[in-house]
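See below for input_14.tsv, which holds TSV, C-alpha atoms.
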```tsv
chain	number	residue	atom	x	y	z
J	1	MET	CA	99.80	-72.94	-53.89
J	2	GLU	CA	102.52	-71.90	-56.29
J	3	ARG	CA	101.69	-72.17	-60.00
J	4	SER	CA	104.32	-73.28	-62.49
J	5	GLY	CA	105.63	-70.46	-64.68
J	6	THR	CA	104.38	-70.97	-68.23
J	7	ASN	CA	104.07	-68.75	-71.26
J	8	THR	CA	100.82	-66.93	-72.01
J	9	ILE	CA	98.69	-67.41	-75.09
J	10	ARG	CA	95.71	-65.27	-76.04
J	11	LEU	CA	92.37	-66.23	-77.54
J	12	GLY	CA	90.73	-62.86	-77.96
J	13	ALA	CA	90.19	-61.58	-74.43
J	14	LEU	CA	90.86	-65.04	-72.93
J	15	MET	CA	94.34	-65.62	-71.53
J	16	ILE	CA	95.80	-69.08	-70.91
J	17	GLY	CA	98.99	-69.63	-68.91
J	18	GLY	CA	101.37	-67.15	-67.35
J	19	GLY	CA	99.66	-67.31	-63.97
J	20	HIS	CA	96.25	-66.25	-65.30
J	21	PRO	CA	93.17	-67.95	-63.81
J	22	ILE	CA	92.88	-71.57	-64.86
J	23	VAL	CA	90.55	-71.76	-67.85
J	24	VAL	CA	87.61	-74.19	-67.79
J	25	GLN	CA	86.77	-75.79	-71.10
J	26	SER	CA	84.56	-78.53	-72.47
J	27	MET	CA	83.76	-80.15	-75.81
J	28	ASN	CA	80.44	-80.20	-77.61
J	29	ASN	CA	78.96	-83.65	-78.22
J	30	THR	CA	76.64	-82.31	-80.91
J	31	ASP	CA	77.06	-82.88	-84.65
J	32	THR	CA	79.00	-79.78	-85.70
J	33	ARG	CA	77.07	-79.74	-88.98
J	34	ASP	CA	73.97	-79.04	-86.88
J	35	VAL	CA	74.66	-75.34	-86.34
J	36	VAL	CA	71.51	-74.61	-84.35
J	37	GLY	CA	71.98	-77.55	-81.99
J	38	THR	CA	75.66	-76.84	-81.53
J	39	LEU	CA	75.05	-73.19	-80.70
J	40	ARG	CA	72.27	-74.16	-78.30
J	41	GLN	CA	74.68	-76.39	-76.41
J	42	ILE	CA	77.44	-73.78	-76.47
J	43	ASN	CA	75.09	-71.29	-74.83
J	44	MET	CA	74.21	-73.86	-72.16
J	45	LEU	CA	77.91	-74.43	-71.54
J	46	LYS	CA	78.50	-70.69	-71.30
J	47	GLN	CA	75.70	-70.35	-68.76
J	48	ALA	CA	77.35	-73.07	-66.65
J	49	GLY	CA	80.65	-71.14	-66.71
J	50	CYS	CA	82.49	-72.73	-69.64
J	51	GLU	CA	85.10	-70.35	-71.05
J	52	LEU	CA	86.26	-72.30	-74.10
J	53	THR	CA	84.69	-75.15	-76.06
J	54	ARG	CA	85.90	-77.55	-78.71
J	55	VAL	CA	83.96	-78.96	-81.66
J	56	ALA	CA	84.81	-81.92	-83.85
J	57	ILE	CA	85.64	-81.24	-87.49
J	58	PRO	CA	85.31	-84.67	-89.17
J	59	ASP	CA	84.64	-83.45	-92.70
J	60	ALA	CA	84.40	-80.45	-95.00
J	61	GLU	CA	80.74	-79.82	-94.17
J	62	ALA	CA	81.60	-79.47	-90.48
J	63	ALA	CA	84.44	-77.11	-91.37
J	64	ARG	CA	82.02	-74.93	-93.34
J	65	ALA	CA	79.50	-74.94	-90.46
J	66	LEU	CA	82.26	-73.73	-88.16
J	67	ALA	CA	82.19	-70.26	-89.72
J	68	GLU	CA	78.62	-69.59	-88.58
J	69	ILE	CA	79.17	-71.25	-85.20
J	70	VAL	CA	82.20	-69.08	-84.49
J	71	SER	CA	80.40	-65.89	-85.54
J	72	LYS	CA	77.51	-66.54	-83.15
J	73	SER	CA	79.25	-68.29	-80.24
J	74	PRO	CA	79.49	-66.39	-76.91
J	75	ILE	CA	82.81	-68.11	-76.12
J	76	PRO	CA	85.91	-69.02	-78.19
J	77	VAL	CA	85.56	-72.18	-80.27
J	78	VAL	CA	88.39	-74.66	-80.84
J	79	ALA	CA	88.41	-76.90	-83.93
J	80	ASP	CA	89.37	-80.52	-83.22
J	81	ILE	CA	91.28	-81.97	-86.18
J	82	HIS	CA	92.57	-85.49	-86.82
J	83	PHE	CA	94.59	-86.74	-89.79
J	84	ASP	CA	93.34	-84.45	-92.59
J	85	PRO	CA	95.42	-81.25	-92.86
J	86	ARG	CA	92.89	-79.76	-95.27
J	87	LEU	CA	90.35	-79.62	-92.47
J	88	ALA	CA	92.83	-77.78	-90.25
J	89	MET	CA	93.35	-75.20	-92.99
J	90	ALA	CA	89.61	-74.82	-93.49
J	91	ALA	CA	89.04	-74.41	-89.72
J	92	ILE	CA	91.67	-71.67	-89.59
J	93	GLU	CA	90.13	-69.90	-92.57
J	94	ASN	CA	86.66	-70.17	-91.01
J	95	GLY	CA	87.67	-68.39	-87.81
J	96	ALA	CA	88.49	-71.03	-85.20
J	97	ALA	CA	89.92	-69.40	-82.08
J	98	LYS	CA	92.36	-72.28	-81.77
J	99	ILE	CA	92.90	-75.64	-83.43
J	100	ARG	CA	93.78	-78.92	-81.79
J	101	ILE	CA	95.95	-81.36	-83.72
J	102	ASN	CA	98.20	-84.33	-83.10
J	103	PRO	CA	101.16	-83.67	-85.40
J	104	GLY	CA	101.98	-87.36	-85.28
J	105	ASN	CA	98.72	-88.06	-87.13
J	106	ILE	CA	99.61	-85.72	-89.99
J	107	LYS	CA	102.24	-87.47	-92.06
J	108	ASP	CA	102.55	-84.77	-94.71
J	109	ARG	CA	105.19	-82.43	-93.28
J	110	THR	CA	104.61	-79.90	-96.06
J	111	ALA	CA	100.96	-79.72	-95.04
J	112	LEU	CA	101.95	-79.30	-91.39
J	113	ALA	CA	104.18	-76.38	-92.37
J	114	LYS	CA	101.24	-74.78	-94.19
J	115	ILE	CA	99.04	-75.19	-91.11
J	116	ALA	CA	101.66	-73.53	-88.91
J	117	LYS	CA	102.17	-70.67	-91.37
J	118	SER	CA	98.43	-70.02	-91.75
J	119	ALA	CA	97.75	-70.17	-88.01
J	120	LYS	CA	100.66	-67.84	-87.29
J	121	ALA	CA	99.47	-65.32	-89.88
J	122	ARG	CA	96.05	-65.17	-88.24
J	123	GLY	CA	97.30	-65.26	-84.65
J	124	ILE	CA	95.57	-68.58	-83.94
J	125	PRO	CA	97.16	-70.81	-81.25
J	126	ILE	CA	97.47	-74.55	-81.73
J	127	ARG	CA	97.01	-77.21	-79.06
J	128	VAL	CA	99.35	-80.12	-79.57
J	129	GLY	CA	97.54	-83.09	-78.10
J	130	VAL	CA	99.22	-86.43	-77.44
J	131	ASN	CA	97.18	-89.38	-76.15
J	132	SER	CA	98.49	-92.72	-74.92
J	133	GLY	CA	96.30	-94.52	-77.44
J	134	SER	CA	97.90	-92.74	-80.40
J	135	LEU	CA	101.56	-93.43	-79.65
J	136	SER	CA	103.45	-94.84	-82.60
J	137	LYS	CA	104.67	-98.45	-82.55
J	138	GLU	CA	108.20	-97.14	-82.91
J	139	MET	CA	107.82	-95.01	-79.78
J	140	ILE	CA	106.38	-97.91	-77.80
J	141	ARG	CA	109.25	-100.20	-78.83
J	142	ARG	CA	111.86	-97.54	-78.11
J	143	PHE	CA	110.71	-96.90	-74.54
J	144	GLY	CA	109.45	-100.38	-73.69
J	145	GLY	CA	105.73	-99.68	-73.70
J	146	VAL	CA	103.20	-96.95	-73.05
J	147	ASN	CA	104.75	-95.09	-70.13
J	148	ARG	CA	105.65	-91.59	-69.06
J	149	ASP	CA	108.88	-91.61	-71.09
J	150	SER	CA	107.22	-92.61	-74.35
J	151	MET	CA	104.38	-90.16	-73.70
J	152	VAL	CA	106.66	-87.23	-72.92
J	153	PHE	CA	109.06	-87.95	-75.77
J	154	SER	CA	106.10	-88.07	-78.19
J	155	ALA	CA	104.91	-84.71	-76.90
J	156	LEU	CA	108.37	-83.17	-77.23
J	157	GLU	CA	108.68	-84.55	-80.75
J	158	ALA	CA	105.31	-83.03	-81.69
J	159	ILE	CA	106.36	-79.69	-80.20
J	160	ARG	CA	109.62	-79.85	-82.13
J	161	LEU	CA	107.72	-80.32	-85.38
J	162	MET	CA	105.83	-77.10	-84.74
J	163	GLU	CA	108.92	-75.20	-83.62
J	164	ASP	CA	110.77	-76.33	-86.75
J	165	ASN	CA	108.04	-74.55	-88.68
J	166	ASP	CA	108.59	-71.36	-86.67
J	167	PHE	CA	105.41	-71.83	-84.63
J	168	PHE	CA	105.53	-71.26	-80.88
J	169	ASP	CA	101.99	-70.19	-79.93
J	170	LEU	CA	101.29	-73.59	-78.40
J	171	VAL	CA	99.25	-75.27	-75.70
J	172	VAL	CA	100.23	-78.86	-74.91
J	173	SER	CA	98.29	-81.83	-73.56
J	174	ILE	CA	99.49	-85.35	-72.79
J	175	LYS	CA	96.58	-87.52	-71.72
J	176	SER	CA	95.83	-91.10	-70.83
J	177	SER	CA	92.87	-92.95	-69.36
J	178	ASP	CA	95.20	-94.08	-66.56
J	179	PRO	CA	95.33	-91.49	-63.73
J	180	VAL	CA	98.78	-92.51	-62.49
J	181	LEU	CA	100.31	-92.48	-65.97
J	182	THR	CA	98.72	-89.12	-66.72
J	183	ILE	CA	100.00	-87.56	-63.49
J	184	GLU	CA	103.52	-88.94	-63.99
J	185	SER	CA	103.61	-87.76	-67.62
J	186	TYR	CA	102.50	-84.22	-66.84
J	187	ARG	CA	104.96	-83.99	-63.94
J	188	LEU	CA	107.84	-84.89	-66.23
J	189	LEU	CA	106.66	-82.73	-69.14
J	190	SER	CA	106.14	-79.67	-66.94
J	191	LYS	CA	109.87	-79.74	-66.10
J	192	LYS	CA	110.87	-79.69	-69.75
J	193	ILE	CA	108.68	-77.02	-71.39
J	194	LYS	CA	107.23	-73.60	-70.67
J	195	TYR	CA	104.19	-73.90	-72.91
J	196	PRO	CA	100.79	-73.72	-71.16
J	197	LEU	CA	99.46	-77.15	-70.23
J	198	HIS	CA	95.92	-78.34	-70.84
J	199	ILE	CA	95.28	-81.11	-68.31
J	200	GLY	CA	92.68	-83.78	-67.98
J	201	LEU	CA	92.04	-87.51	-68.11
J	202	THR	CA	90.92	-88.90	-71.45
J	203	GLU	CA	88.19	-91.55	-71.61
J	204	ALA	CA	87.56	-90.96	-67.91
J	205	GLY	CA	84.19	-92.72	-67.87
J	206	THR	CA	80.61	-91.97	-66.90
J	207	VAL	CA	79.53	-88.97	-64.85
J	208	ASN	CA	79.94	-90.90	-61.60
J	209	GLU	CA	83.18	-92.83	-62.17
J	210	GLY	CA	84.65	-90.22	-64.52
J	211	THR	CA	84.16	-87.47	-61.97
J	212	ILE	CA	86.11	-89.41	-59.36
J	213	ARG	CA	88.96	-90.39	-61.69
J	214	SER	CA	89.21	-86.90	-63.18
J	215	SER	CA	89.13	-85.22	-59.78
J	216	VAL	CA	91.98	-87.40	-58.53
J	217	THR	CA	94.08	-86.73	-61.64
J	218	ILE	CA	93.39	-83.04	-62.19
J	219	GLY	CA	93.37	-82.26	-58.47
J	220	ALA	CA	96.74	-83.90	-57.91
J	221	LEU	CA	98.33	-81.92	-60.74
J	222	LEU	CA	96.76	-78.60	-59.80
J	223	ALA	CA	97.84	-79.09	-56.19
J	224	GLU	CA	101.42	-79.24	-57.49
J	225	GLY	CA	100.99	-76.07	-59.53
J	226	ILE	CA	100.72	-77.91	-62.85
J	227	GLY	CA	98.02	-76.91	-65.33
J	228	ASP	CA	96.71	-73.79	-67.04
J	229	THR	CA	93.44	-75.02	-68.50
J	230	ILE	CA	91.34	-78.09	-67.70
J	231	ARG	CA	88.64	-80.28	-69.16
J	232	VAL	CA	86.80	-82.98	-67.24
J	233	SER	CA	85.99	-85.55	-69.95
J	234	LEU	CA	82.77	-87.38	-69.09
J	235	THR	CA	80.44	-89.73	-70.93
J	236	GLY	CA	77.43	-87.51	-70.40
J	237	ASP	CA	76.13	-83.98	-70.67
J	238	PRO	CA	79.12	-81.65	-71.18
J	239	VAL	CA	77.48	-79.17	-68.82
J	240	GLU	CA	78.33	-81.66	-66.07
J	241	GLU	CA	81.97	-81.44	-67.15
J	242	VAL	CA	81.94	-77.72	-66.42
J	243	ARG	CA	80.28	-78.15	-63.04
J	244	VAL	CA	82.80	-80.77	-61.97
J	245	ALA	CA	85.70	-78.65	-63.23
J	246	TYR	CA	84.66	-75.72	-61.07
J	247	SER	CA	84.14	-77.99	-58.08
J	248	ILE	CA	87.74	-79.17	-58.44
J	249	LEU	CA	89.04	-75.61	-58.76
J	250	LYS	CA	86.96	-74.36	-55.82
J	251	SER	CA	88.12	-77.22	-53.62
J	252	LEU	CA	91.71	-76.03	-54.16
J	253	SER	CA	90.79	-72.32	-53.82
J	254	LEU	CA	91.94	-71.71	-57.40
J	255	ARG	CA	88.67	-70.24	-58.69
J	256	ARG	CA	85.50	-68.85	-57.19
J	257	HIS	CA	82.42	-69.71	-59.19
J	258	GLY	CA	78.89	-70.29	-58.02
J	259	MET	CA	77.53	-72.16	-55.06
J	260	THR	CA	79.31	-74.71	-52.87
J	261	LEU	CA	77.40	-77.24	-50.79
J	262	VAL	CA	78.87	-79.00	-47.77
J	263	SER	CA	76.96	-81.63	-45.81
J	264	CYS	CA	77.73	-84.15	-43.11
J	265	PRO	CA	77.89	-87.90	-43.83
J	266	THR	CA	75.12	-88.71	-41.27
J	267	CYS	CA	75.46	-90.81	-38.12
J	268	GLY	CA	73.34	-92.21	-35.34
J	269	ARG	CA	72.52	-88.70	-34.06
J	270	THR	CA	70.85	-87.70	-37.34
J	271	ALA	CA	67.20	-86.92	-36.67
J	272	VAL	CA	66.12	-85.78	-40.16
J	273	PRO	CA	66.14	-87.35	-43.66
J	274	LEU	CA	69.46	-85.66	-44.41
J	275	ILE	CA	70.23	-87.45	-47.68
J	276	GLU	CA	66.95	-86.29	-49.18
J	277	ILE	CA	67.32	-82.76	-47.79
J	278	ALA	CA	70.89	-82.32	-48.97
J	279	GLY	CA	70.01	-83.58	-52.44
J	280	ARG	CA	67.09	-81.21	-52.75
J	281	VAL	CA	69.10	-78.21	-51.55
J	282	GLU	CA	71.87	-79.10	-53.98
J	283	ASP	CA	69.37	-79.10	-56.86
J	284	MET	CA	67.88	-75.79	-55.71
J	285	ILE	CA	71.17	-73.90	-55.48
J	286	ARG	CA	73.11	-75.53	-58.35
J	287	ASP	CA	72.64	-72.79	-60.92
J	288	LEU	CA	72.46	-69.75	-58.63
J	289	PRO	CA	74.97	-67.02	-59.56
J	290	TYR	CA	76.23	-66.37	-56.03
J	291	ASP	CA	79.63	-67.28	-54.56
J	292	LEU	CA	78.32	-68.76	-51.33
J	293	LYS	CA	79.00	-71.85	-49.24
J	294	VAL	CA	75.86	-73.56	-47.93
J	295	ALA	CA	75.89	-76.24	-45.23
J	296	VAL	CA	73.29	-78.92	-44.63
J	297	MET	CA	73.99	-80.72	-41.37
J	298	GLY	CA	72.09	-83.57	-39.76
J	299	CYS	CA	72.66	-82.80	-36.10
J	300	ALA	CA	71.98	-79.69	-34.05
J	301	VAL	CA	74.54	-80.74	-31.43
J	302	ASN	CA	77.66	-79.82	-33.39
J	303	GLY	CA	76.39	-78.96	-36.90
J	304	PRO	CA	76.84	-75.19	-36.71
J	305	GLY	CA	80.29	-75.56	-35.19
J	306	GLU	CA	81.57	-78.05	-37.73
J	307	ALA	CA	80.28	-75.90	-40.60
J	308	ARG	CA	81.26	-72.52	-39.16
J	309	GLU	CA	82.96	-71.53	-42.40
J	310	ALA	CA	79.68	-71.77	-44.32
J	311	ASP	CA	78.00	-68.50	-45.23
J	312	ILE	CA	74.61	-69.97	-44.36
J	313	GLY	CA	73.42	-73.37	-43.23
J	314	ILE	CA	70.81	-75.52	-41.55
J	315	ALA	CA	71.18	-78.25	-38.94
J	316	GLY	CA	68.40	-80.76	-38.33
J	317	GLY	CA	67.18	-81.16	-34.79
J	318	ASP	CA	64.37	-82.83	-32.88
J	319	GLY	CA	61.27	-81.11	-34.26
J	320	ASP	CA	62.89	-78.14	-36.00
J	321	PHE	CA	66.02	-76.90	-37.80
J	322	LEU	CA	68.64	-74.47	-36.65
J	323	LEU	CA	69.53	-71.71	-39.11
J	324	PHE	CA	73.11	-70.56	-38.74
J	325	GLN	CA	75.47	-68.12	-40.39
J	326	LYS	CA	79.26	-68.40	-40.05
J	327	GLY	CA	78.71	-70.80	-37.15
J	328	ASN	CA	76.34	-68.46	-35.27
J	329	ILE	CA	72.75	-69.63	-34.72
J	330	ILE	CA	70.37	-66.96	-36.01
J	331	GLY	CA	67.02	-68.73	-35.81
J	332	ARG	CA	64.89	-71.84	-35.78
J	333	ILE	CA	62.82	-73.13	-38.68
J	334	ALA	CA	59.83	-75.45	-38.73
J	335	PRO	CA	60.36	-78.49	-41.00
J	336	ASP	CA	57.66	-77.39	-43.45
J	337	ASP	CA	59.37	-74.03	-43.94
J	338	VAL	CA	63.00	-75.07	-44.10
J	339	TYR	CA	63.47	-74.84	-47.89
J	340	ASP	CA	61.64	-71.53	-48.29
J	341	VAL	CA	63.45	-69.86	-45.38
J	342	LEU	CA	66.86	-71.17	-46.42
J	343	MET	CA	66.44	-70.09	-50.04
J	344	LYS	CA	65.18	-66.65	-49.03
J	345	ARG	CA	68.25	-66.17	-46.86
J	346	ILE	CA	70.57	-67.42	-49.61
J	347	HIS	CA	69.14	-64.90	-52.07
J	348	GLU	CA	69.49	-62.09	-49.54
J	349	LEU	CA	73.12	-62.93	-48.83
J	350	GLY	CA	73.93	-63.46	-52.48
J	351	LYS	CA	72.48	-60.16	-53.61
J	352	ASN	CA	74.17	-58.30	-50.75
J	353	ASN	CA	77.54	-59.82	-51.73
J	354	GLN	CA	77.04	-58.79	-55.34
J	355	THR	CA	76.21	-55.24	-54.24
J	356	ASP	CA	79.29	-55.08	-51.98
J	357	LYS	CA	81.56	-56.07	-54.87
J	358	LYS	CA	80.34	-53.26	-57.15
```
Write-out of the structure in structure tokens:
Amino acid sequence: MERSGTNTIRLGALMIGGGHPIVVQSMNNTDTRDVVGTLRQINMLKQAGCELTRVAIPDAEAARALAEIVSKSPIPVVADIHFDPRLAMAAIENGAAKIRINPGNIKDRTALAKIAKSAKARGIPIRVGVNSGSLSKEMIRRFGGVNRDSMVFSALEAIRLMEDNDFFDLVVSIKSSDPVLTIESYRLLSKKIKYPLHIGLTEAGTVNEGTIRSSVTIGALLAEGIGDTIRVSLTGDPVEEVRVAYSILKSLSLRRHGMTLVSCPTCGRTAVPLIEIAGRVEDMIRDLPYDLKVAVMGCAVNGPGEAREADIGIAGGDGDFLLFQKGNIIGRIAPDDVYDVLMKRIHELGKNNQTDKK
């Protein structure tokens, strides 16, 4: 699919926009003042594939803690700032790779100019984030409510504030908890600016519901070539946000990262406890470092054929399982051995693929 042409910004070695791979990010839910706990979570996010994380800076103590977090973090750290421009200045001085602000929340235009000047001097990008819940009353009255026009105009106004202060190293987001409103707003905004877009659904919900709503929203935009970096916002472990983000990207062939499981929905031909088997295999392969597609099928009649694109798979039969590779049956497995044999074969294929790529 064709990606929209946006500018490129740099966070150290990480590139956002300009056709570079879509960056997966998350946000720590730890207390930033807890340096040890925050770094522990950042390392867990990194292990899951997170490339950029954001931490809240609610007060001066958190801003001071940021310096140590940044110095020890394995990935770039973004400082999330609301209202207080002094915290933005402190985050810049303490080494944030990027800061996130809503210019509409900073009423002191002199302070905003100082933030822009300081960030520019240090080569630190700024994400301008506009949320539907933070639109001004004036904007809502002007455009007749919270809609794509009021959202986009607010974003353009925020961008203009930064540009007026000679700052152009921007990433822009324009989020809502409403999938349709978010999609419509990003579609319109993408036609008006060339800045990289950070996309996602704010307040998406729990891991179950939030995953569905985020996948619909982010997937629809990415399928249209809109978006340069994504976050799946979930009420849960942020590691799950990273896993879901990569699942979305892999489903659209935009990134390759880790294992992919496909399984059939079961039917009257299913002769094995497929739901249990698929769940266990998913848990076993979740954190493996290989780029492989694994199939778990419930019927030996057409399982291998339906999942012929899988690198390796099993299909339950009457008394045993078929082991297949790229649709070709390569063996039979007794039920008691199915997990051990499948995992052994996965490791063999994964290691061979890694060797071939060197």
Exercise for review: Do a neighbour search on Val301 (chain J) at 10 Å with only C-alpha atoms, toss out local chain neighbours closer than 3 positions, and write the hits as a PyMOL selection string.
Suggested key: chain J and resi 269-270+297-298+304-306+315-317
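Distance check against Asp320 (chain J) using all atoms listed in the file: of J:Gly225, J:Gly205, J:Pro238, J:Pro335, the minimum falls on J:Pro335.
At a cut-off of 12 Å from (108.4, -74.9, -85.0), the residue set is Pro103, Arg109, Leu112, Ala113, Lys114, Ile115, Ala116, Lys117, Lys120, Ile126, Val128, Leu156, Glu157, Ala158, Ile159, Arg160, Leu161, Met162, Glu163, Asp164, Asn165, Asp166, Phe167, Phe168, Asp169 and Leu170 of chain J (counting all atoms listed in the file).
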**Study point:** Nearest to Arg127 (chain J), chosen from J:Ile75, J:Val239, J:Val172, J:Val262, with all atoms listed in the file counted in the distances
**Key:** J:Val172
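CA of Ser247 (chain J) lies 9.3 Å from CA of Met259 (chain J).
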Check your understanding: Smallest atom-to-atom distance to Gly227 (chain J): which of J:Ser190, J:Asn131, J:Thr202, J:Ser253, using all atoms listed in the file?
Key ->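 Going through J:Ser190, J:Asn131, J:Thr202, J:Ser253 one by one, the smallest distance to Gly227 (chain J) is for J:Ser190.
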Exercise for review: Work out how far apart CA of Thr32 (chain J) and CA of Ala56 (chain J) are and give it in Å to one decimal.
Suggested key: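 These atoms are spaced 6.5 Å apart.
For the pair CA of Glu276 (chain J) and CA of Lys250 (chain J), the separation is 24.2 Å.
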**Study point:** Contact residues around region 84-101 of chain J with all atoms listed in the file at 10 Å, ignoring same-chain residues under 6 positions, as a VMD selection string
**Key:** chain J and resid 10 to 12 52 to 71 75 to 78 107 to 112 114 to 116 118 to 119 122 to 130 158 170 to 173
Point to revise | Counting only C-alpha atoms, the option among J:Asn102, J:Asn302, J:Ser154, J:Ser26 closest to Arg243 (chain J) | key: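 The answer is J:Ser26, which sits nearest to Arg243 (chain J).
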Exercise for review: May I have the residues within 9 Å of Asp287 (chain J) as a list in words, using only C-alpha atoms and disregarding those fewer than 6 positions away in the same chain?
Suggested key: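 Residues meeting the cut-off are Gln47, Ala48, Gly258 and Met259 of chain J.
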Take region 242-261 of chain J from the block and save it with N, CA and C atoms, as a PDB file, in the first residue's frame.
```pdb
ATOM      1  N   VAL J 242       2.186  -3.038  22.864  1.00  0.00           N
ATOM      2  CA  VAL J 242       3.213  -3.292  21.851  1.00  0.00           C
ATOM      3  C   VAL J 242       2.865  -4.528  21.037  1.00  0.00           C
ATOM      4  N   ARG J 243       2.423  -5.571  21.711  1.00  0.00           N
ATOM      5  CA  ARG J 243       2.060  -6.801  21.001  1.00  0.00           C
ATOM      6  C   ARG J 243       0.927  -6.566  20.018  1.00  0.00           C
ATOM      7  N   VAL J 244      -0.089  -5.827  20.457  1.00  0.00           N
ATOM      8  CA  VAL J 244      -1.215  -5.546  19.576  1.00  0.00           C
ATOM      9  C   VAL J 244      -0.771  -4.674  18.401  1.00  0.00           C
ATOM     10  N   ALA J 245       0.086  -3.691  18.685  1.00  0.00           N
ATOM     11  CA  ALA J 245       0.566  -2.807  17.616  1.00  0.00           C
ATOM     12  C   ALA J 245       1.251  -3.600  16.514  1.00  0.00           C
ATOM     13  N   TYR J 246       2.104  -4.535  16.897  1.00  0.00           N
ATOM     14  CA  TYR J 246       2.786  -5.336  15.882  1.00  0.00           C
ATOM     15  C   TYR J 246       1.828  -6.265  15.161  1.00  0.00           C
ATOM     16  N   SER J 247       0.822  -6.752  15.854  1.00  0.00           N
ATOM     17  CA  SER J 247      -0.174  -7.596  15.181  1.00  0.00           C
ATOM     18  C   SER J 247      -0.898  -6.805  14.094  1.00  0.00           C
ATOM     19  N   ILE J 248      -1.223  -5.553  14.396  1.00  0.00           N
ATOM     20  CA  ILE J 248      -1.869  -4.701  13.392  1.00  0.00           C
ATOM     21  C   ILE J 248      -0.943  -4.494  12.198  1.00  0.00           C
ATOM     22  N   LEU J 249       0.312  -4.157  12.481  1.00  0.00           N
ATOM     23  CA  LEU J 249       1.263  -3.892  11.395  1.00  0.00           C
ATOM     24  C   LEU J 249       1.527  -5.146  10.564  1.00  0.00           C
ATOM     25  N   LYS J 250       1.650  -6.291  11.229  1.00  0.00           N
ATOM     26  CA  LYS J 250       1.890  -7.538  10.489  1.00  0.00           C
ATOM     27  C   LYS J 250       0.692  -7.922   9.632  1.00  0.00           C
ATOM     28  N   SER J 251      -0.509  -7.640  10.128  1.00  0.00           N
ATOM     29  CA  SER J 251      -1.701  -8.009   9.359  1.00  0.00           C
ATOM     30  C   SER J 251      -1.801  -7.219   8.065  1.00  0.00           C
ATOM     31  N   LEU J 252      -1.154  -6.042   8.023  1.00  0.00           N
ATOM     32  CA  LEU J 252      -1.148  -5.217   6.819  1.00  0.00           C
ATOM     33  C   LEU J 252       0.175  -5.303   6.060  1.00  0.00           C
ATOM     34  N   SER J 253       1.035  -6.243   6.487  1.00  0.00           N
ATOM     35  CA  SER J 253       2.356  -6.451   5.863  1.00  0.00           C
ATOM     36  C   SER J 253       3.207  -5.179   5.895  1.00  0.00           C
ATOM     37  N   LEU J 254       3.073  -4.407   6.973  1.00  0.00           N
ATOM     38  CA  LEU J 254       3.847  -3.174   7.119  1.00  0.00           C
ATOM     39  C   LEU J 254       5.098  -3.367   7.971  1.00  0.00           C
ATOM     40  N   ARG J 255       5.104  -4.357   8.835  1.00  0.00           N
ATOM     41  CA  ARG J 255       6.285  -4.697   9.619  1.00  0.00           C
ATOM     42  C   ARG J 255       6.331  -6.205   9.791  1.00  0.00           C
ATOM     43  N   ARG J 256       7.541  -6.729   9.935  1.00  0.00           N
ATOM     44  CA  ARG J 256       7.720  -8.123  10.319  1.00  0.00           C
ATOM     45  C   ARG J 256       8.340  -8.124  11.707  1.00  0.00           C
ATOM     46  N   HIS J 257       7.671  -8.799  12.629  1.00  0.00           N
ATOM     47  CA  HIS J 257       8.187  -8.796  14.001  1.00  0.00           C
ATOM     48  C   HIS J 257       7.592  -9.975  14.756  1.00  0.00           C
ATOM     49  N   GLY J 258       8.425 -10.967  15.017  1.00  0.00           N
ATOM     50  CA  GLY J 258       7.986 -12.049  15.877  1.00  0.00           C
ATOM     51  C   GLY J 258       6.999 -13.003  15.223  1.00  0.00           C
ATOM     52  N   MET J 259       6.401 -13.807  16.064  1.00  0.00           N
ATOM     53  CA  MET J 259       5.571 -14.916  15.626  1.00  0.00           C
ATOM     54  C   MET J 259       4.147 -14.463  15.286  1.00  0.00           C
ATOM     55  N   THR J 260       3.551 -15.178  14.327  1.00  0.00           N
ATOM     56  CA  THR J 260       2.150 -14.966  13.967  1.00  0.00           C
ATOM     57  C   THR J 260       1.430 -16.297  14.047  1.00  0.00           C
ATOM     58  N   LEU J 261       0.322 -16.320  14.763  1.00  0.00           N
ATOM     59  CA  LEU J 261      -0.473 -17.545  14.883  1.00  0.00           C
ATOM     60  C   LEU J 261      -1.757 -17.392  14.099  1.00  0.00           C
TER      61      LEU J 261
END
```
